[in-house]
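K.L.:
Just one file: protein-v1.cif, with mmCIF, C-alpha atoms and all ligand atoms.
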data_input
#
loop_
_atom_site.group_PDB
_atom_site.id
_atom_site.type_symbol
_atom_site.label_atom_id
_atom_site.label_comp_id
_atom_site.auth_asym_id
_atom_site.auth_seq_id
_atom_site.Cartn_x
_atom_site.Cartn_y
_atom_site.Cartn_z
ATOM 1 C CA MET K 1 -6.111 5.481 8.715
ATOM 2 C CA THR K 2 -8.592 4.407 6.044
ATOM 3 C CA LYS K 3 -7.645 3.656 2.463
ATOM 4 C CA GLN K 4 -9.367 6.916 1.482
ATOM 5 C CA ASP K 5 -7.072 8.849 3.862
ATOM 6 C CA ILE K 6 -4.074 7.128 2.299
ATOM 7 C CA VAL K 7 -5.217 7.926 -1.246
ATOM 8 C CA THR K 8 -5.803 11.577 -0.229
ATOM 9 C CA GLN K 9 -2.256 11.686 1.153
ATOM 10 C CA VAL K 10 -0.840 10.290 -2.092
ATOM 11 C CA ASN K 11 -2.847 12.840 -4.126
ATOM 12 C CA GLN K 12 -1.509 15.666 -1.986
ATOM 13 C CA ALA K 13 2.034 14.355 -2.409
ATOM 14 C CA TYR K 14 1.567 14.249 -6.209
ATOM 15 C CA ALA K 15 0.196 17.797 -6.328
ATOM 16 C CA LYS K 16 3.178 18.973 -4.281
ATOM 17 C CA LYS K 17 5.694 17.044 -6.392
ATOM 18 C CA ARG K 18 4.283 18.607 -9.567
ATOM 19 C CA ALA K 19 4.136 22.114 -8.112
ATOM 20 C CA ASP K 20 7.716 21.778 -6.817
ATOM 21 C CA ALA K 21 9.009 20.664 -10.245
ATOM 22 C CA GLN K 22 7.260 23.644 -11.866
ATOM 23 C CA ALA K 23 8.537 26.058 -9.214
ATOM 24 C CA ARG K 24 12.119 24.817 -9.687
ATOM 25 C CA ALA K 25 11.900 25.347 -13.467
ATOM 26 C CA LEU K 26 10.379 28.793 -13.002
ATOM 27 C CA ALA K 27 13.152 29.761 -10.591
ATOM 28 C CA VAL K 28 15.790 28.861 -13.199
ATOM 29 C CA LEU K 29 13.995 30.969 -15.826
ATOM 30 C CA GLN K 30 13.527 33.929 -13.492
ATOM 31 C CA ASN K 31 17.189 33.840 -12.625
ATOM 32 C CA VAL K 32 18.225 34.030 -16.295
ATOM 33 C CA LEU K 33 15.582 36.700 -16.984
ATOM 34 C CA ARG K 34 17.457 39.032 -14.629
ATOM 35 C CA ASP K 35 19.864 39.557 -17.524
ATOM 36 C CA LYS K 36 18.442 42.391 -19.697
ATOM 37 C CA THR K 37 19.710 40.884 -23.012
ATOM 38 C CA PHE K 38 17.971 37.611 -22.339
ATOM 39 C CA GLU K 39 14.854 39.281 -20.956
ATOM 40 C CA THR K 40 14.435 41.307 -24.171
ATOM 41 C CA LEU K 41 14.915 38.256 -26.394
ATOM 42 C CA TYR K 42 12.602 36.122 -24.284
ATOM 43 C CA TYR K 43 9.654 38.533 -24.298
ATOM 44 C CA LYS K 44 10.252 39.346 -27.975
ATOM 45 C CA LYS K 45 9.882 35.645 -28.749
ATOM 46 C CA LYS K 46 6.706 35.387 -26.636
ATOM 47 C CA GLN K 47 5.186 38.403 -28.414
ATOM 48 C CA LEU K 48 6.081 36.924 -31.834
ATOM 49 C CA GLU K 49 4.471 33.598 -30.922
ATOM 50 C CA PHE K 50 1.304 35.485 -30.032
ATOM 51 C CA ASP K 51 1.360 37.615 -33.201
ATOM 52 C CA ILE K 52 1.968 34.618 -35.465
ATOM 53 C CA ALA K 53 -0.910 32.711 -33.873
ATOM 54 C CA LYS K 54 -3.185 35.717 -34.348
ATOM 55 C CA HIS K 55 -2.222 36.096 -38.032
ATOM 56 C CA GLU K 56 -2.692 32.400 -38.648
ATOM 57 C CA PHE K 57 -6.113 32.515 -37.023
ATOM 58 C CA PHE K 58 -7.235 35.258 -39.397
ATOM 59 C CA LYS K 59 -5.419 33.500 -42.272
ATOM 60 C CA GLU K 60 -3.139 36.503 -42.889
ATOM 61 C CA ASP K 61 0.392 36.382 -44.288
ATOM 62 C CA CYS K 62 2.955 36.209 -41.470
ATOM 63 C CA SER K 63 6.099 35.028 -43.278
ATOM 64 C CA SER K 64 8.159 38.040 -42.203
ATOM 65 C CA LEU K 65 7.041 37.507 -38.581
ATOM 66 C CA LYS K 66 8.132 33.883 -38.867
ATOM 67 C CA ASN K 67 11.560 34.928 -40.139
ATOM 68 C CA THR K 68 11.983 37.309 -37.221
ATOM 69 C CA TYR K 69 10.858 34.531 -34.901
ATOM 70 C CA LEU K 70 13.486 32.120 -36.253
ATOM 71 C CA GLN K 71 16.153 34.793 -35.965
ATOM 72 C CA THR K 72 15.154 35.541 -32.338
ATOM 73 C CA GLN K 73 15.113 31.860 -31.538
ATOM 74 C CA LYS K 74 18.656 31.556 -32.918
ATOM 75 C CA GLU K 75 19.816 34.481 -30.786
ATOM 76 C CA ILE K 76 18.262 32.862 -27.714
ATOM 77 C CA GLN K 77 20.071 29.582 -28.475
ATOM 78 C CA THR K 78 23.387 31.394 -28.876
ATOM 79 C CA TYR K 79 22.838 33.255 -25.619
ATOM 80 C CA LEU K 80 21.950 30.057 -23.745
ATOM 81 C CA GLN K 81 24.868 28.078 -25.174
ATOM 82 C CA LYS K 82 27.226 30.834 -24.107
ATOM 83 C CA HIS K 83 25.875 30.473 -20.562
ATOM 84 C CA HIS K 84 25.903 26.659 -20.635
ATOM 85 C CA LEU K 85 22.132 26.476 -20.554
ATOM 86 C CA SER K 86 19.415 25.096 -22.775
ATOM 87 C CA GLU K 87 15.674 25.714 -23.042
ATOM 88 C CA LYS K 88 15.162 22.345 -21.382
ATOM 89 C CA ASP K 89 16.407 23.922 -18.144
ATOM 90 C CA PHE K 90 13.239 26.043 -18.084
ATOM 91 C CA GLU K 91 11.002 22.998 -18.315
ATOM 92 C CA PRO K 92 9.943 21.163 -15.162
ATOM 93 C CA THR K 93 11.724 17.869 -14.505
ATOM 94 C CA TYR K 94 8.978 15.548 -13.296
ATOM 95 C CA ALA K 95 9.687 12.449 -11.235
ATOM 96 C CA CYS K 96 7.535 10.532 -13.732
ATOM 97 C CA PRO K 97 7.934 11.787 -17.303
ATOM 98 C CA ILE K 98 5.034 9.562 -18.416
ATOM 99 C CA CYS K 99 2.290 11.243 -16.388
ATOM 100 C CA GLN K 100 4.238 14.403 -15.489
ATOM 101 C CA ASP K 101 3.411 13.697 -11.839
ATOM 102 C CA THR K 102 -0.342 13.922 -12.387
ATOM 103 C CA GLY K 103 -0.774 10.188 -11.751
ATOM 104 C CA ARG K 104 -2.963 9.899 -14.867
ATOM 105 C CA VAL K 105 -2.194 9.051 -18.507
ATOM 106 C CA ASN K 106 -4.946 9.338 -21.123
ATOM 107 C CA GLY K 107 -7.620 8.931 -18.491
ATOM 108 C CA ASN K 108 -5.929 5.855 -16.973
ATOM 109 C CA ILE K 109 -4.003 5.555 -13.737
ATOM 110 C CA CYS K 110 -0.236 5.711 -14.257
ATOM 111 C CA ALA K 111 1.870 2.773 -13.045
ATOM 112 C CA CYS K 112 3.851 5.148 -10.811
ATOM 113 C CA TYR K 113 0.662 6.178 -9.010
ATOM 114 C CA LYS K 114 -0.413 2.564 -8.376
ATOM 115 C CA GLU K 115 3.039 1.902 -6.963
ATOM 116 C CA ALA K 116 2.824 5.029 -4.783
ATOM 117 C CA VAL K 117 -0.526 3.925 -3.325
ATOM 118 C CA ARG K 118 0.827 0.413 -2.693
ATOM 119 C CA ASN K 119 3.873 1.834 -0.915
ATOM 120 C CA ALA K 120 1.776 4.247 1.141
ATOM 121 C CA LEU K 121 -0.533 1.388 2.144
ATOM 122 C CA LYS K 122 2.430 -0.730 3.176
ATOM 123 C CA GLN K 123 3.951 2.133 5.119
ATOM 124 C CA ALA K 124 0.669 2.838 6.911
ATOM 125 C CA CYS K 125 -0.028 -0.828 7.639
ATOM 126 C CA ILE K 126 3.333 -2.406 8.382
ATOM 127 C CA GLY K 127 5.857 0.454 8.477
ATOM 128 C CA ASN K 128 9.302 -0.607 7.334
ATOM 129 C CA ARG K 129 8.791 -4.189 8.386
ATOM 130 C CA ASN K 130 9.504 -6.864 5.794
ATOM 131 C CA LEU K 131 6.831 -9.498 5.413
ATOM 132 C CA ALA K 132 7.160 -12.900 3.780
ATOM 133 C CA VAL K 133 5.738 -13.190 0.268
ATOM 134 C CA PHE K 134 4.361 -16.177 -1.637
ATOM 135 C CA ASP K 135 7.621 -16.347 -3.625
ATOM 136 C CA ASP K 136 9.364 -17.279 -0.352
ATOM 137 C CA TRP K 137 7.013 -20.252 0.117
ATOM 138 C CA ARG K 138 9.048 -23.473 0.265
ATOM 139 C CA GLU K 139 7.377 -26.843 0.277
ATOM 140 C CA ASP K 140 10.719 -28.619 0.651
ATOM 141 C CA VAL K 141 10.884 -27.682 4.340
ATOM 142 C CA ALA K 142 8.280 -30.387 4.932
ATOM 143 C CA THR K 143 9.632 -33.623 6.343
ATOM 144 C CA ASN K 144 7.381 -35.904 4.346
ATOM 145 C CA GLN K 145 5.636 -36.114 1.015
ATOM 146 C CA GLU K 146 2.173 -35.701 2.496
ATOM 147 C CA GLN K 147 3.001 -32.433 4.220
ATOM 148 C CA ARG K 148 4.795 -31.181 1.110
ATOM 149 C CA ALA K 149 1.662 -31.797 -0.955
ATOM 150 C CA GLU K 150 -0.490 -30.115 1.711
ATOM 151 C CA LEU K 151 1.748 -27.052 1.723
ATOM 152 C CA GLN K 152 1.586 -26.812 -2.057
ATOM 153 C CA LYS K 153 -2.209 -27.063 -1.923
ATOM 154 C CA ALA K 154 -2.359 -24.449 0.841
ATOM 155 C CA LYS K 155 -0.292 -21.993 -1.180
ATOM 156 C CA VAL K 156 -2.526 -22.304 -4.242
ATOM 157 C CA TYR K 157 -5.655 -22.030 -2.109
ATOM 158 C CA LEU K 158 -4.487 -18.908 -0.291
ATOM 159 C CA GLN K 159 -3.334 -17.208 -3.482
ATOM 160 C CA LYS K 160 -6.774 -17.863 -4.983
ATOM 161 C CA LEU K 161 -8.391 -16.535 -1.836
ATOM 162 C CA VAL K 162 -6.533 -13.202 -2.034
ATOM 163 C CA HIS K 163 -7.301 -13.014 -5.731
ATOM 164 C CA ALA K 164 -11.015 -13.633 -5.148
ATOM 165 C CA TYR K 165 -11.278 -10.906 -2.485
ATOM 166 C CA PRO K 166 -13.676 -9.146 -1.861
ATOM 167 C CA LYS K 167 -15.940 -11.856 -3.243
ATOM 168 C CA LEU K 168 -15.302 -14.274 -0.382
ATOM 169 C CA LEU K 169 -18.003 -16.452 1.108
ATOM 170 C CA HIS K 170 -16.773 -15.832 4.636
ATOM 171 C CA LYS K 171 -15.726 -12.674 6.439
ATOM 172 C CA THR K 172 -13.734 -14.458 9.114
ATOM 173 C CA TRP K 173 -10.919 -16.893 8.401
ATOM 174 C CA VAL K 174 -9.034 -18.997 10.908
ATOM 175 C CA PHE K 175 -5.766 -20.722 10.052
ATOM 176 C CA ALA K 176 -5.490 -23.462 12.627
ATOM 177 C CA GLY K 177 -2.924 -26.118 13.382
ATOM 178 C CA CYS K 178 -0.107 -27.008 15.736
ATOM 179 C CA THR K 179 2.931 -24.876 16.415
ATOM 180 C CA GLY K 180 5.359 -24.427 13.546
ATOM 181 C CA VAL K 181 3.273 -25.754 10.642
ATOM 182 C CA GLY K 182 3.589 -22.480 8.741
ATOM 183 C CA LYS K 183 0.427 -20.579 9.745
ATOM 184 C CA SER K 184 2.150 -17.322 10.686
ATOM 185 C CA PHE K 185 4.305 -17.476 7.583
ATOM 186 C CA ALA K 186 1.182 -18.035 5.492
ATOM 187 C CA LEU K 187 -0.522 -15.103 7.204
ATOM 188 C CA GLU K 188 2.391 -12.836 6.263
ATOM 189 C CA CYS K 189 2.265 -14.040 2.644
ATOM 190 C CA VAL K 190 -1.472 -13.345 2.556
ATOM 191 C CA THR K 191 -0.940 -9.848 4.019
ATOM 192 C CA SER K 192 1.769 -9.057 1.438
ATOM 193 C CA ALA K 193 -0.441 -10.268 -1.384
ATOM 194 C CA PHE K 194 -3.351 -8.097 -0.184
ATOM 195 C CA LEU K 195 -1.091 -5.036 0.055
ATOM 196 C CA ASN K 196 0.230 -5.748 -3.431
ATOM 197 C CA ARG K 197 -3.327 -5.789 -4.677
ATOM 198 C CA GLY K 198 -3.771 -2.308 -3.184
ATOM 199 C CA VAL K 199 -6.050 -3.565 -0.398
ATOM 200 C CA ASP K 200 -5.606 -1.835 2.957
ATOM 201 C CA ALA K 201 -4.582 -4.808 5.056
ATOM 202 C CA CYS K 202 -3.034 -4.617 8.517
ATOM 203 C CA ILE K 203 -1.326 -7.396 10.415
ATOM 204 C CA TYR K 204 -0.948 -7.579 14.203
ATOM 205 C CA THR K 205 -0.049 -10.208 16.726
ATOM 206 C CA SER K 206 -2.804 -11.057 19.195
ATOM 207 C CA PHE K 207 -0.508 -9.604 21.846
ATOM 208 C CA GLN K 208 -0.532 -6.261 20.028
ATOM 209 C CA ILE K 209 -4.297 -6.182 19.612
ATOM 210 C CA ASN K 210 -4.703 -6.992 23.299
ATOM 211 C CA GLU K 211 -2.504 -3.981 24.095
ATOM 212 C CA LEU K 212 -4.679 -1.790 21.872
ATOM 213 C CA PHE K 213 -7.774 -3.139 23.658
ATOM 214 C CA LEU K 214 -6.198 -2.220 26.989
ATOM 215 C CA LYS K 215 -5.307 1.286 25.793
ATOM 216 C CA TYR K 216 -8.852 1.719 24.505
ATOM 217 C CA HIS K 217 -10.227 0.525 27.817
ATOM 218 C CA THR K 218 -8.051 2.792 29.965
ATOM 219 C CA THR K 219 -7.972 5.985 27.884
ATOM 220 C CA PHE K 220 -10.522 8.682 28.549
ATOM 221 C CA THR K 221 -9.221 11.412 26.266
ATOM 222 C CA GLU K 222 -10.090 12.007 22.647
ATOM 223 C CA GLU K 223 -7.284 9.616 21.629
ATOM 224 C CA LYS K 224 -9.399 6.724 22.879
ATOM 225 C CA GLU K 225 -11.172 6.012 19.603
ATOM 226 C CA GLN K 226 -7.992 5.804 17.551
ATOM 227 C CA TYR K 227 -6.934 2.610 19.335
ATOM 228 C CA MET K 228 -10.048 0.739 18.305
ATOM 229 C CA ASN K 229 -10.235 2.440 14.904
ATOM 230 C CA GLN K 230 -6.819 1.010 14.015
ATOM 231 C CA LEU K 231 -8.473 -2.387 14.195
ATOM 232 C CA LEU K 232 -11.863 -1.487 12.748
ATOM 233 C CA GLU K 233 -10.818 0.623 9.758
ATOM 234 C CA PRO K 234 -8.639 -1.705 7.636
ATOM 235 C CA SER K 235 -10.612 -3.590 4.986
ATOM 236 C CA VAL K 236 -8.602 -6.684 5.883
ATOM 237 C CA LEU K 237 -7.261 -7.289 9.385
ATOM 238 C CA LEU K 238 -4.891 -10.177 10.098
ATOM 239 C CA ILE K 239 -4.222 -11.310 13.647
ATOM 240 C CA ASP K 240 -1.455 -13.759 14.378
ATOM 241 C CA ASP K 241 -1.388 -16.324 17.164
ATOM 242 C CA LEU K 242 -4.762 -15.854 18.811
ATOM 243 C CA GLY K 243 -4.623 -17.432 22.248
ATOM 244 C CA THR K 244 -1.080 -16.384 23.160
ATOM 245 C CA GLU K 245 -2.139 -12.991 24.535
ATOM 246 C CA PRO K 246 -2.582 -12.629 28.292
ATOM 247 C CA MET K 247 -6.210 -12.707 29.421
ATOM 248 C CA LEU K 248 -7.125 -9.302 30.814
ATOM 249 C CA ASN K 249 -10.296 -9.045 32.874
ATOM 250 C CA ASN K 250 -13.072 -7.025 31.212
ATOM 251 C CA VAL K 251 -10.771 -6.378 28.273
ATOM 252 C CA THR K 252 -9.642 -9.311 26.136
ATOM 253 C CA ILE K 253 -12.942 -11.137 25.694
ATOM 254 C CA ASN K 254 -15.152 -8.032 25.601
ATOM 255 C CA TYR K 255 -13.180 -6.197 22.968
ATOM 256 C CA LEU K 256 -12.406 -9.270 20.904
ATOM 257 C CA TYR K 257 -16.161 -9.818 20.699
ATOM 258 C CA LEU K 258 -16.690 -6.139 19.858
ATOM 259 C CA LEU K 259 -14.003 -6.329 17.177
ATOM 260 C CA LEU K 260 -15.535 -9.429 15.590
ATOM 261 C CA THR K 261 -19.060 -8.048 15.683
ATOM 262 C CA GLU K 262 -18.176 -4.598 14.381
ATOM 263 C CA ARG K 263 -15.993 -5.894 11.574
ATOM 264 C CA MET K 264 -18.570 -8.463 10.533
ATOM 265 C CA SER K 265 -21.401 -5.953 10.455
ATOM 266 C CA ALA K 266 -19.202 -3.565 8.434
ATOM 267 C CA GLY K 267 -18.618 -6.389 5.936
ATOM 268 C CA LYS K 268 -14.877 -6.408 6.613
ATOM 269 C CA THR K 269 -12.618 -9.433 6.426
ATOM 270 C CA THR K 270 -10.585 -10.715 9.366
ATOM 271 C CA PHE K 271 -7.981 -13.466 9.478
ATOM 272 C CA PHE K 272 -6.608 -15.264 12.508
ATOM 273 C CA THR K 273 -3.977 -17.864 13.098
ATOM 274 C CA THR K 274 -4.278 -19.971 16.197
ATOM 275 C CA ASN K 275 -3.039 -23.116 17.860
ATOM 276 C CA LEU K 276 -6.388 -23.369 19.614
ATOM 277 C CA SER K 277 -9.110 -25.811 18.650
ATOM 278 C CA PRO K 278 -12.759 -24.700 18.603
ATOM 279 C CA ASN K 279 -13.142 -26.330 22.014
ATOM 280 C CA ASN K 280 -10.185 -24.384 23.365
ATOM 281 C CA ILE K 281 -11.758 -21.181 22.013
ATOM 282 C CA LEU K 282 -15.015 -21.931 23.784
ATOM 283 C CA GLU K 283 -13.152 -22.560 27.055
ATOM 284 C CA ARG K 284 -10.928 -19.509 26.770
ATOM 285 C CA TYR K 285 -13.223 -16.836 25.341
ATOM 286 C CA GLY K 286 -16.731 -18.087 26.108
ATOM 287 C CA GLU K 287 -19.779 -18.623 23.949
ATOM 288 C CA ARG K 288 -20.158 -15.218 22.340
ATOM 289 C CA VAL K 289 -16.660 -15.187 20.820
ATOM 290 C CA PHE K 290 -16.929 -18.903 20.077
ATOM 291 C CA SER K 291 -20.103 -18.345 18.057
ATOM 292 C CA ARG K 292 -18.434 -15.595 16.024
ATOM 293 C CA LEU K 293 -15.200 -17.481 15.423
ATOM 294 C CA CYS K 294 -16.450 -21.008 15.052
ATOM 295 C CA SER K 295 -19.892 -20.945 13.474
ATOM 296 C CA THR K 296 -19.622 -22.399 9.999
ATOM 297 C CA LYS K 297 -21.930 -19.651 8.723
ATOM 298 C CA ASP K 298 -19.617 -16.797 9.758
ATOM 299 C CA ALA K 299 -16.171 -18.295 9.825
ATOM 300 C CA LYS K 300 -14.079 -20.580 7.665
ATOM 301 C CA TRP K 301 -11.413 -22.708 9.302
ATOM 302 C CA PHE K 302 -8.373 -23.679 7.325
ATOM 303 C CA LYS K 303 -6.330 -26.416 8.897
ATOM 304 C CA PHE K 304 -2.558 -26.638 8.505
ATOM 305 C CA ILE K 305 -1.417 -30.149 9.139
ATOM 306 C CA GLY K 306 1.894 -31.828 9.780
ATOM 307 C CA ASP K 307 5.043 -31.579 11.837
ATOM 308 C CA ASP K 308 6.810 -28.527 13.147
ATOM 309 C CA LEU K 309 8.386 -26.991 10.013
ATOM 310 C CA ARG K 310 10.687 -24.835 12.085
ATOM 311 C CA LEU K 311 12.321 -27.957 13.471
ATOM 312 C CA SER K 312 12.714 -29.500 10.046
ATOM 313 C CA LEU K 313 14.128 -26.226 8.726
ATOM 314 C CA THR K 314 16.718 -26.256 11.489
ATOM 315 C CA LYS K 315 17.552 -29.886 10.745
ATOM 316 C CA LYS K 316 17.949 -29.084 7.049
ATOM 317 C CA SER K 317 20.185 -26.121 7.669
ATOM 318 C CA LEU K 318 22.213 -28.214 10.083
ATOM 319 C CA LYS K 319 22.613 -30.902 7.430
ATOM 320 C CA LYS K 320 23.992 -28.376 4.941
ATOM 321 C CA GLU K 321 26.739 -27.278 7.280
HETATM 322 ZN ZN ZN K 401 3.488 8.373 -13.650
#
Re-express the file's structure as structure tokens.

P.N.:
Amino acid sequence: MTKQDIVTQVNQAYAKKRADAQARALAVLQNVLRDKTFETLYYKKKQLEFDIAKHEFFKEDCSSLKNTYLQTQKEIQTYLQKHHLSEKDFEPTYACPICQDTGRVNGNICACYKEAVRNALKQACIGNRNLAVFDDWREDVATNQEQRAELQKAKVYLQKLVHAYPKLLHKTWVFAGCTGVGKSFALECVTSAFLNRGVDACIYTSFQINELFLKYHTTFTEEKEQYMNQLLEPSVLLIDDLGTEPMLNNVTINYLYLLLTERMSAGKTTFFTTNLSPNNILERYGERVFSRLCSTKDAKWFKFIGDDLRLSLTKKSLKKE
């Protein structure tokens, strides 16, 4: 699903929400109008409003009409009070009173609409999964001062990177480093930050993308394209743990190369985390993928250094007990 599809969905939901609120209010009114006394008063008031406006337009005296209007209005109030109603019950109750569920206020986008698009993006990209956010970032899990400083630097750098998007010098980003230095966590934080910015970003494990490649490869019905489109459509695609997927003949390398080439030529941004070094990538995926993932022109490598943070986290939590 593209961001445009998601925005269209949100627009449709807003139109429905607004129409539903209006229909509910109209139903209340129509129900009360079934009473003849109220019906007479209601249409008398409407007619008077029209007549007064007409007189005012032609600058004619309408003081007696106005008196009758006030009297009718009073009678309506008395009727409604007797039936535990008020004129407010005939007005639509909108989910957002600020924009009345139009999504726009004075030509600007309402905060509720921005939130709705963000939520729809999240739902489309990650479902109900909870991703880490930069606020969860903890430097104190590092075992030494050097790694703590590196983690702090990495956080600032990545936040700037998301902020600078789409004006990034590189379309492909690789977070490299040993197991447990915080790459996957960082990738989740980056994904969350993109989604919060309203960017259609999708995160997958390399295992999941390999499965989509396999489905694409082995499907011959019209569903085929959707498997690859899931990976080609998002403006930002984030793939965790490249190198841990099983190597499937005629699938993994071919479609990874296709994915990289197609996304690059469409000007879309792709992130990877990996434990592999450039040499490992050359050995595992061959020259074509290597050139896409490791050429300094196309790809930017970001190295996470230090010890396994997961181990130090366990040690810390053990210490507390
Ligand atoms: Zn609103």

K.L.:
Translate the PyMOL selection byres (((chain K and resi 28-32) around 12) and not hetatm), as applied to the file shown, into an explicit residue set as a ChimeraX atom specification.

P.N.:
/K:21-27,33-42,76,79-80,83-93

K.L.:
List, as a list of chain:residue names, every residue that the PyMOL selection byres (((chain K and resi 229) around 10) and not hetatm) selects in the file provided.

P.N.:
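Output from the PyMOL selection byres (((chain K and resi 229) around 10) and not hetatm), applied to this file: K:Met1, K:Thr2, K:Leu212, K:Tyr216, K:Lys224, K:Glu225, K:Gln226, K:Tyr227, K:Met228, K:Gln230, K:Leu231, K:Leu232, K:Glu233, K:Pro234, K:Leu259.
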
K.L.:
Taking (-4.7, -14.0, -3.0) in the file's own coordinates, collect the residues within 10 Å, counting all atoms listed in the file, and hand them back as a ChimeraX atom specification.

P.N.:
/K:134,155-165,189-194,196-197

K.L.:
Write out, as a compact mmCIF listing (two decimals), keeping the file's coordinate frame, the residues just selected, with C-alpha atoms.

P.N.:
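Dumped everything to result39.txt:
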# COMPACT_ATOMS: atom_id res chain seq x y z
CA PHE K 134 4.36 -16.18 -1.64
CA LYS K 155 -0.29 -21.99 -1.18
CA VAL K 156 -2.53 -22.30 -4.24
CA TYR K 157 -5.66 -22.03 -2.11
CA LEU K 158 -4.49 -18.91 -0.29
CA GLN K 159 -3.33 -17.21 -3.48
CA LYS K 160 -6.77 -17.86 -4.98
CA LEU K 161 -8.39 -16.54 -1.84
CA VAL K 162 -6.53 -13.20 -2.03
CA HIS K 163 -7.30 -13.01 -5.73
CA ALA K 164 -11.02 -13.63 -5.15
CA TYR K 165 -11.28 -10.91 -2.48
CA CYS K 189 2.26 -14.04 2.64
CA VAL K 190 -1.47 -13.34 2.56
CA THR K 191 -0.94 -9.85 4.02
CA SER K 192 1.77 -9.06 1.44
CA ALA K 193 -0.44 -10.27 -1.38
CA PHE K 194 -3.35 -8.10 -0.18
CA ASN K 196 0.23 -5.75 -3.43
CA ARG K 197 -3.33 -5.79 -4.68

K.L.:
Can you work out which residues are within 12 Å of ligand ZN 401 (chain K), considering all atoms listed in the file, and then hand them over as a list in words?

P.N.:
Tyr14, Lys17, Arg18, Tyr94, Ala95, Cys96, Pro97, Ile98, Cys99, Gln100, Asp101, Thr102, Gly103, Arg104, Val105, Asn106, Asn108, Ile109, Cys110, Ala111, Cys112, Tyr113, Lys114, Glu115, Ala116 and Val117 of chain K

K.L.:
With distances taken over all atoms listed in the file, which of K:Cys294, K:Ala176, K:Leu168, K:Leu65 is nearest to Ala53 of chain K?

P.N.:
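Of K:Cys294, K:Ala176, K:Leu168, K:Leu65, the one nearest Ala53 of chain K, counting all atoms listed in the file, is K:Leu65.
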